[in-house]
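Q: Can you keep this structure in mind? I'll have questions shortly.
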Number of protein chains: 2
Amino acid sequence: MVIGLDVGGTNIKGVLMNGNKIIAKIKVATKSRTDKKILINQIFDCINILKGGAQKIEKIGIGIAGPIDFKKQLILNPPNLIALKGLKLSKTIQDKFGIKTIIEHDVNCFVLAEAVLGAGKKYESVFGITLGTGVGGGMVINKKIYHGAHGSSGEIGHITIEKNGRKCKCGNKGCLEPYICDTGIKQTAKQIFKKQIDSLRIIDDSAKRGDRRAIKLYEIIGKYLGIGLANIIDTINPGVIIIGGGIMRAGKFILEPARKEMRKNILSQGAKKTKVLKSKLGKFAGAIGATLITS
Amino acid sequence: MVIGLDVGGTNIKGVLMNGNKIIAKIKVATKSRTDKKILINQIFDCINILKGGAQKIEKIGIGIAGPIDFKKQLILNPPNLIALKGLKLSKTIQDKFGIKTIIEHDVNCFVLAEAVLGAGKKYESVFGITLGTGVGGGMVINKKIYHGAHGSSGEIGHITIEKNGRKCKCGNKGCLEPYICDTGIKQTAKQIFKKQIDSLRIIDDSAKRGDRRAIKLYEIIGKYLGIGLANIIDTINPGVIIIGGGIMRAGKFILEPARKEMRKNILSQGAKKTKVLKSKLGKFAGAIGATLITS
């Protein structure tokens, strides 16, 4: 029996798993992003609820929204979880419950879950991307997270695709993120719809009804995504790319133009066949992935 | 004792190695790029010369300039070695000499040599780039070539860095290659010097003498290279990037602005420390790397 938590700025999601089977699930709103005591107590509560009647918990895995130093098991400076800054959370939990605990970046948990149990099951190397408020990424090779030399592999939101292009919140220009993240899509939507768009759900619904401007918008966004996908494939040639996150509600409206642009931009004939799939495990992917982390 | 050959459109280079020691070296002009019989006989001759008095050759490794299918040990369609198109060269050589033979893409041989015996010795993961007529790349993880799912990892000449930018010979626009390869640099040089530049050696010499236009040219080229390096690091975060090829004659005039631009563009603080080094093993790196290939 293993517990997995996915701790984000909005929600905490958790699962209790027995092998590949989910025994229990919870999802609660994050009580505080800034107060350490409140947040840690809430994490303890979640673990206690999931432990429930389970006789023996072998391990706890925790995905954290924000940069961590995996080797040191240290949370760095997560903008949406300031309460946890500088904390060795795995030690805190281990001390409380006496159960071996590991923390990991939440995007890596997502990719690991999809690689082991989801859309990437059949593939040796899996690159995963989450599209939401920000753009995250990670890679799993032979069912193991590939952290890279400084633990920052997969930061594909910040690869340059259009030198001197749109301003990114990182301070540089022309990164991939400001074209395909939530606010970036709204910015492009404003140009197309000639008005402020507050929620992309409205556009998703319009696209499904066949609205030409909504479809056009997602074609533009999909093309940018496709350039990013081609860059990943030309660089590291993973077996599959799996995309999750809120933006994927738009599904084929983004994915079809993205795949087309990707194939146009990839050099190698063989790699043009790379599959780009929507994530399969849904909202609990991160928590499920957290149960699969190994040190 | 292992023989390594580096078969290119201009030269064939070869080494006989005993462990990490070079026992013999040869370098000859490629007799034909198009005539299969002439070229294969020349490869046989090279092997015979290197074999010389060696009592037992354990293995032959061959680096090929152009796309190969490593798994099938098949040469695909190398533009500069048309003579070898569709050939299973390792089988041909194995049949002739009775010695186990493996072929590999020449850029991968270069990176492997630098990772095992050269500038990348101390690093777990090494990304290598060759800058010349074209731009090649490859990755070595734990001293093993990382081929990727379709054998085309490392094609970093064709990542998009400037959407709608300079036309690339692959047919797309804004790839990295047309800014930093030999002809790309000459194109930019023509704009700066207001005349046709036939050889970059002249510009290298001018830069060394302190010529401001030459230094400015390499600053521009270095900035493009730096964007490419940052994209590689954000995507896969290797421990070191090693750069070889003829363009590296310009050394620090390209590398210094490249490193500066790279650090500006990388997201993660940790990864900004990534070292970018000039290759160490010189012109025989590919042949040395060919001796290190394992199947």
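Convention: chains lettered A, B, ... in structure tokens order; per-chain residue numbering from 1; ligands numbered from 1 as shown.
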At a cut-off of 7 Å, can you tabulate as CSV every residue of chain A near chain B together with its closest atom pair and the distance in Å to one decimal, using only C-alpha atoms and ordering rows by chain then number?
A:
residue,atom,partner,partner_atom,distance
A:Gly148,CA,B:Asn237,CA,4.8
A:Ala149,CA,B:Gly239,CA,4.8
A:His150,CA,B:Ala271,CA,5.5
A:Ser152,CA,B:Asn237,CA,6.1
A:Ser153,CA,B:Ile236,CA,4.5
A:Gly154,CA,B:Thr235,CA,4.7
A:Glu155,CA,B:Asp234,CA,4.8
A:Ile156,CA,B:Thr235,CA,5.4
A:His158,CA,B:Leu267,CA,6.5
A:Ile159,CA,B:Asn231,CA,4.7
A:Thr160,CA,B:Ile161,CA,5.5
A:Ile161,CA,B:Ile161,CA,4.3
A:Glu162,CA,B:Glu162,CA,4.2
A:Lys163,CA,B:Glu162,CA,4.9
A:Asn172,CA,B:Asn265,CA,6.6
A:Ile227,CA,B:Thr160,CA,6.9
A:Asn231,CA,B:Ile159,CA,4.7
A:Ile232,CA,B:Thr235,CA,6.8
A:Asp234,CA,B:Glu155,CA,4.9
A:Thr235,CA,B:Gly154,CA,4.7
A:Ile236,CA,B:Ser153,CA,4.5
A:Asn237,CA,B:Gly148,CA,4.8
A:Pro238,CA,B:Ala149,CA,5.5
A:Gly239,CA,B:Ala149,CA,4.8
A:Asn265,CA,B:Asn172,CA,6.6
A:Leu267,CA,B:His158,CA,6.5
A:Ser268,CA,B:Ser152,CA,6.4
A:Gly270,CA,B:His150,CA,5.6
A:Ala271,CA,B:His150,CA,5.5
Q: Please dump the current selection as a short mmCIF file (atom, residue, chain, number, x, y, z; two decimals), in the first residue's frame; keep N, CA and C atoms.
A:
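File written: result-v5.cif
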data_model
loop_
_atom_site.label_atom_id
_atom_site.label_comp_id
_atom_site.auth_asym_id
_atom_site.auth_seq_id
_atom_site.Cartn_x
_atom_site.Cartn_y
_atom_site.Cartn_z
N GLY A 148 17.86 15.17 -15.34
CA GLY A 148 18.89 16.04 -15.92
C GLY A 148 19.91 16.42 -14.87
N ALA A 149 21.00 17.06 -15.33
CA ALA A 149 22.15 17.30 -14.47
C ALA A 149 21.84 18.24 -13.30
N HIS A 150 20.95 19.20 -13.50
CA HIS A 150 20.64 20.14 -12.42
C HIS A 150 19.18 20.03 -12.00
N SER A 152 16.56 20.08 -13.77
CA SER A 152 15.60 20.98 -14.42
C SER A 152 15.30 20.58 -15.86
N SER A 153 15.40 19.29 -16.15
CA SER A 153 14.99 18.78 -17.45
C SER A 153 13.49 19.02 -17.65
N GLY A 154 13.08 19.34 -18.88
CA GLY A 154 11.65 19.46 -19.18
C GLY A 154 11.07 20.85 -19.09
N GLU A 155 11.90 21.88 -18.95
CA GLU A 155 11.38 23.26 -18.84
C GLU A 155 11.03 23.80 -20.23
N ILE A 156 10.16 23.10 -20.94
CA ILE A 156 9.97 23.44 -22.33
C ILE A 156 9.08 24.66 -22.54
N HIS A 158 9.97 27.37 -21.74
CA HIS A 158 10.89 28.50 -21.90
C HIS A 158 11.92 28.32 -23.00
N ILE A 159 11.70 27.35 -23.89
CA ILE A 159 12.54 27.29 -25.08
C ILE A 159 12.11 28.43 -26.01
N THR A 160 13.09 29.04 -26.67
CA THR A 160 12.79 30.15 -27.59
C THR A 160 12.34 29.59 -28.93
N ILE A 161 11.18 30.02 -29.38
CA ILE A 161 10.72 29.58 -30.70
C ILE A 161 10.52 30.77 -31.65
N GLU A 162 10.51 31.97 -31.08
CA GLU A 162 10.33 33.15 -31.93
C GLU A 162 11.15 34.28 -31.34
N LYS A 163 12.44 34.29 -31.71
CA LYS A 163 13.37 35.32 -31.23
C LYS A 163 12.67 36.70 -31.36
N ASN A 172 12.29 36.93 -20.68
CA ASN A 172 12.79 36.82 -22.05
C ASN A 172 11.66 36.98 -23.05
N ILE A 227 5.32 23.62 -33.14
CA ILE A 227 6.74 24.00 -33.25
C ILE A 227 7.49 23.53 -32.01
N ASN A 231 10.56 20.80 -31.80
CA ASN A 231 11.84 21.10 -31.16
C ASN A 231 12.24 20.02 -30.16
N ILE A 232 11.27 19.56 -29.37
CA ILE A 232 11.54 18.49 -28.41
C ILE A 232 12.00 17.23 -29.15
N ASP A 234 13.22 16.89 -32.31
CA ASP A 234 14.54 17.04 -32.95
C ASP A 234 15.66 16.96 -31.92
N THR A 235 15.41 17.44 -30.72
CA THR A 235 16.46 17.44 -29.70
C THR A 235 16.66 16.06 -29.09
N ILE A 236 15.55 15.40 -28.69
CA ILE A 236 15.73 14.21 -27.84
C ILE A 236 14.94 12.98 -28.31
N ASN A 237 14.09 13.18 -29.31
CA ASN A 237 13.40 12.07 -29.96
C ASN A 237 12.76 11.05 -29.01
N PRO A 238 11.82 11.51 -28.18
CA PRO A 238 11.12 10.56 -27.30
C PRO A 238 10.17 9.67 -28.11
N GLY A 239 9.77 8.55 -27.52
CA GLY A 239 8.87 7.64 -28.22
C GLY A 239 7.46 8.19 -28.36
N ASN A 265 7.79 20.34 -39.28
CA ASN A 265 9.03 20.90 -38.73
C ASN A 265 10.08 19.88 -38.34
N LEU A 267 12.87 17.10 -38.69
CA LEU A 267 13.79 16.77 -39.79
C LEU A 267 13.70 15.31 -40.21
N SER A 268 13.82 14.41 -39.24
CA SER A 268 13.95 12.99 -39.57
C SER A 268 12.60 12.37 -39.98
N GLY A 270 11.74 9.26 -39.88
CA GLY A 270 11.30 8.31 -38.86
C GLY A 270 10.58 8.99 -37.72
N ALA A 271 11.14 10.11 -37.25
CA ALA A 271 10.60 10.78 -36.07
C ALA A 271 9.28 11.51 -36.36
#
Q: Do you know which residues are at most 8 Å from Ile293 (chain B) counting only C-alpha atoms, after dropping those on the same chain fewer than 4 positions away, and could you put them as a CSV table (one decimal) with N, CA and C atoms, in the first residue's frame?
A:
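Result went into around_32.csv, see below:
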chain,number,residue,atom,x,y,z
B,61,GLY,N,34.8,-0.4,-35.5
B,61,GLY,CA,33.7,0.6,-35.4
B,61,GLY,C,33.8,1.6,-36.5
B,102,ILE,N,30.6,-2.6,-36.2
B,102,ILE,CA,29.3,-1.9,-36.0
B,102,ILE,C,29.5,-0.5,-36.6
B,104,GLU,N,27.8,3.5,-37.0
B,104,GLU,CA,27.1,4.5,-36.1
B,104,GLU,C,27.2,5.9,-36.9
B,109,CYS,N,29.6,9.3,-32.8
B,109,CYS,CA,31.0,8.9,-32.5
B,109,CYS,C,31.7,10.0,-31.9
B,112,LEU,N,30.5,10.5,-28.3
B,112,LEU,CA,30.9,9.4,-27.4
B,112,LEU,C,32.4,9.5,-27.1
B,289,GLY,N,36.0,7.7,-31.3
B,289,GLY,CA,34.6,7.4,-30.9
B,289,GLY,C,34.1,6.1,-31.5
Q: Please, which residues of region 137-253 of chain A, numbered as in this document, come out alpha helix (DSSP H) from DSSP, as a ChimeraX atom specification?
A: /A:177-180,182-193,200-208,212-236,252-253
Q: Could you list, as a PDB file with C-alpha atoms, in the first residue's frame, every residue within 7 Å of region 183-186 of chain B, counting only C-alpha atoms and ignoring same-chain residues fewer than 3 positions away?
A:
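Result saved to around18.pdb:
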ATOM      1  CA  THR B 133      28.818  22.855 -43.323  1.00  0.00           C
ATOM      2  CA  PRO B 178      21.044  28.617 -41.245  1.00  0.00           C
ATOM      3  CA  TYR B 179      22.289  31.101 -38.619  1.00  0.00           C
ATOM      4  CA  ILE B 180      25.310  29.193 -37.322  1.00  0.00           C
ATOM      5  CA  ALA B 189      29.269  38.242 -42.942  1.00  0.00           C
ATOM      6  CA  LYS B 190      28.255  39.565 -46.360  1.00  0.00           C
ATOM      7  CA  ILE B 197      33.329  36.168 -47.975  1.00  0.00           C
ATOM      8  CA  ILE B 221      26.486  34.183 -34.491  1.00  0.00           C
TER       9      ILE B 221
END
Q: For region 28-32 of chain B, list every protein, DNA or RNA residue within 9 Å, evaluated using only C-alpha atoms, and leave out those in the same chain fewer than 5 positions away; present the list as number ranges by chain.
A: B: 7-14, 38-39, 42, 46, 81, 83
Q: Okay, now the selection with N, CA and C atoms, as a PDB file, in the first residue's frame?
A:
ATOM      1  N   VAL B   7      34.218   7.795 -41.690  1.00  0.00           N
ATOM      2  CA  VAL B   7      34.098   7.887 -43.148  1.00  0.00           C
ATOM      3  C   VAL B   7      33.261   9.108 -43.518  1.00  0.00           C
ATOM      4  N   GLY B   8      33.909  10.101 -44.110  1.00  0.00           N
ATOM      5  CA  GLY B   8      33.218  11.324 -44.522  1.00  0.00           C
ATOM      6  C   GLY B   8      33.318  11.541 -46.023  1.00  0.00           C
ATOM      7  N   GLY B   9      32.617  12.532 -46.502  1.00  0.00           N
ATOM      8  CA  GLY B   9      32.638  12.834 -47.932  1.00  0.00           C
ATOM      9  C   GLY B   9      33.968  13.401 -48.409  1.00  0.00           C
ATOM     10  N   THR B  10      34.746  13.964 -47.499  1.00  0.00           N
ATOM     11  CA  THR B  10      36.041  14.565 -47.870  1.00  0.00           C
ATOM     12  C   THR B  10      37.215  13.669 -47.494  1.00  0.00           C
ATOM     13  N   ASN B  11      37.198  13.162 -46.261  1.00  0.00           N
ATOM     14  CA  ASN B  11      38.304  12.324 -45.783  1.00  0.00           C
ATOM     15  C   ASN B  11      37.796  11.056 -45.111  1.00  0.00           C
ATOM     16  N   ILE B  12      38.697  10.069 -45.100  1.00  0.00           N
ATOM     17  CA  ILE B  12      38.491   8.919 -44.220  1.00  0.00           C
ATOM     18  C   ILE B  12      39.616   8.973 -43.190  1.00  0.00           C
ATOM     19  N   LYS B  13      39.222   8.965 -41.909  1.00  0.00           N
ATOM     20  CA  LYS B  13      40.240   8.960 -40.856  1.00  0.00           C
ATOM     21  C   LYS B  13      40.102   7.643 -40.101  1.00  0.00           C
ATOM     22  N   GLY B  14      41.221   7.117 -39.620  1.00  0.00           N
ATOM     23  CA  GLY B  14      41.157   5.854 -38.901  1.00  0.00           C
ATOM     24  C   GLY B  14      42.168   5.786 -37.782  1.00  0.00           C
ATOM     25  N   ILE B  38      34.679   1.522 -55.593  1.00  0.00           N
ATOM     26  CA  ILE B  38      35.884   2.283 -55.243  1.00  0.00           C
ATOM     27  C   ILE B  38      35.902   2.613 -53.756  1.00  0.00           C
ATOM     28  N   LEU B  39      34.770   3.096 -53.243  1.00  0.00           N
ATOM     29  CA  LEU B  39      34.738   3.527 -51.840  1.00  0.00           C
ATOM     30  C   LEU B  39      34.899   2.340 -50.891  1.00  0.00           C
ATOM     31  N   GLN B  42      38.396   1.202 -50.798  1.00  0.00           N
ATOM     32  CA  GLN B  42      39.239   2.120 -50.025  1.00  0.00           C
ATOM     33  C   GLN B  42      39.075   1.883 -48.518  1.00  0.00           C
ATOM     34  N   CYS B  46      41.980   0.810 -45.883  1.00  0.00           N
ATOM     35  CA  CYS B  46      42.242   1.500 -44.606  1.00  0.00           C
ATOM     36  C   CYS B  46      42.307   0.507 -43.451  1.00  0.00           C
ATOM     37  N   LEU B  81      27.692  10.769 -49.225  1.00  0.00           N
ATOM     38  CA  LEU B  81      28.275   9.428 -49.417  1.00  0.00           C
ATOM     39  C   LEU B  81      27.254   8.531 -50.119  1.00  0.00           C
ATOM     40  N   ALA B  83      27.397   6.678 -52.489  1.00  0.00           N
ATOM     41  CA  ALA B  83      27.922   5.338 -52.807  1.00  0.00           C
ATOM     42  C   ALA B  83      27.456   4.284 -51.806  1.00  0.00           C
TER      43      ALA B  83
END
Q: What does the structure give for the distance between CA of Lys275 (chain A) and CA of Thr130 (chain A), in Å to one decimal?
A: 16.2 Å
Q: Which value, in Å to one decimal, gives the distance between CA of Ser90 (chain B) and CA of Gly244 (chain B)?
A: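 Computed distance, CA of Ser90 (chain B) to CA of Gly244 (chain B), equals 26.4 Å.
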Q: To one decimal in Å, tell me the separation between CA of Lys280 (chain A) and CA of Asn142 (chain A).
A: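 Straight-line distance from CA of Lys280 (chain A) to CA of Asn142 (chain A) works out to 18.9 Å.
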